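Below is one structure, written out as structure tokens; comments come after it.
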Amino acid sequence: DQVKTATPAVKPASKVVKAKATQDDSLLNPQGLPNGWAVQLGSFGNQSNAVRLKDKLIKAGFAAYIIPKDTLFKVLVGPELSRAKAEALKKQLDAKFQMNSLVILYEVIKP
């Protein structure tokens, strides 16, 4: 008896859509993804301090997360696809939490 295997149908893309760059956004990052922006609210040597701030941000409704970098733990909110949206988010966070945050380029971290 012969065993049949299913071959998935692949539709060719009818057209390629290119993203338009704005003044401060470039098209794609080295991974081929659109650049994104995040707001960094802190960088801590003590992980529990970073977790405390992240939890406070999440309770306030923000998409907060921690990125370990060497011996530091960075607390970020985002990402946003445009720098303008990230700047607006920064203003909102700075006003609500009395901070002076930074808008940074969002990095995709490989596990």
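Each chain of the structure tokens is named A, B, ... in the order shown, its residues numbered from 1; ligands are numbered from 1 in display order.
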
Pull the closest atom pair for each residue of stretch 22-89 of chain A that gets at most 10 Å from stretch 94-97 of chain A, along with the distance in Å to one decimal, counting only C-alpha atoms, ordering rows by chain and then ascending residue number, as a tab-separated table.
residue	atom	partner	partner_atom	distance
A:Leu41	CA	A:Asp94	CA	8.6
A:Lys56	CA	A:Phe97	CA	9.7
A:Leu57	CA	A:Phe97	CA	9.0
A:Ala60	CA	A:Lys96	CA	9.5
A:Ala88	CA	A:Asp94	CA	10.0
A:Leu89	CA	A:Asp94	CA	8.5

How would you write, as an MDAnalysis selection string, the set of residues in stretch 16-103 of chain A that DSSP gives as alpha helix (DSSP H)? chainID A and resid 47:59 83:97

Find the spatial neighbours of stretch 65-74 of chain A, counting only C-alpha atoms, within a cut-off of 12 Å - ignore same-chain residues fewer than 2 positions away - and output them as a compact mmCIF listing (two decimals) with C-alpha atoms, in the first residue's frame.
# COMPACT_ATOMS: atom_id res chain seq x y z
CA ALA A 38 10.47 51.21 24.18
CA VAL A 39 10.55 53.45 27.23
CA GLN A 40 13.21 52.61 29.80
CA LEU A 41 12.19 53.66 33.30
CA GLY A 42 15.10 52.31 35.25
CA SER A 43 18.19 50.16 35.37
CA PHE A 44 18.84 48.38 38.64
CA GLY A 45 21.69 46.35 40.09
CA ASN A 46 19.19 44.76 42.47
CA GLN A 47 16.64 42.52 40.73
CA SER A 48 14.01 42.93 43.46
CA ASN A 49 13.97 46.73 42.90
CA ALA A 50 13.38 46.12 39.18
CA VAL A 51 10.58 43.66 39.92
CA ARG A 52 8.95 46.14 42.32
CA LEU A 53 8.88 48.89 39.64
CA LYS A 54 7.68 46.46 36.94
CA ASP A 55 4.83 45.27 39.19
CA LYS A 56 3.85 48.89 39.96
CA LEU A 57 3.73 49.69 36.23
CA ILE A 58 1.67 46.59 35.42
CA PHE A 62 1.26 49.46 31.37
CA ALA A 63 2.96 46.65 29.41
CA LEU A 76 10.91 48.88 30.12
CA VAL A 77 7.42 49.63 28.81
CA GLY A 78 6.39 49.02 25.21
CA PRO A 79 7.20 48.46 22.46
CA SER A 101 12.62 57.93 31.45
CA LEU A 102 14.37 57.32 28.13
CA ILE A 104 15.25 53.58 23.33
CA TYR A 106 13.48 48.10 21.03
CA GLU A 107 15.76 45.08 20.78
CA VAL A 108 14.68 41.52 20.07
CA ILE A 109 16.67 39.37 22.49
CA LYS A 110 17.46 35.85 21.35
CA PRO A 111 17.02 33.23 24.08

Nearest-residue call for A:Asn100, choices A:Pro30, A:Glu87, A:Gly61, A:Asn35, using only C-alpha atoms: A:Glu87

How far is it from atom CA of A:Leu105 to atom CA of A:Ala64, in Å with one decimal?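 Distance between the two atoms: 15.3 Å.
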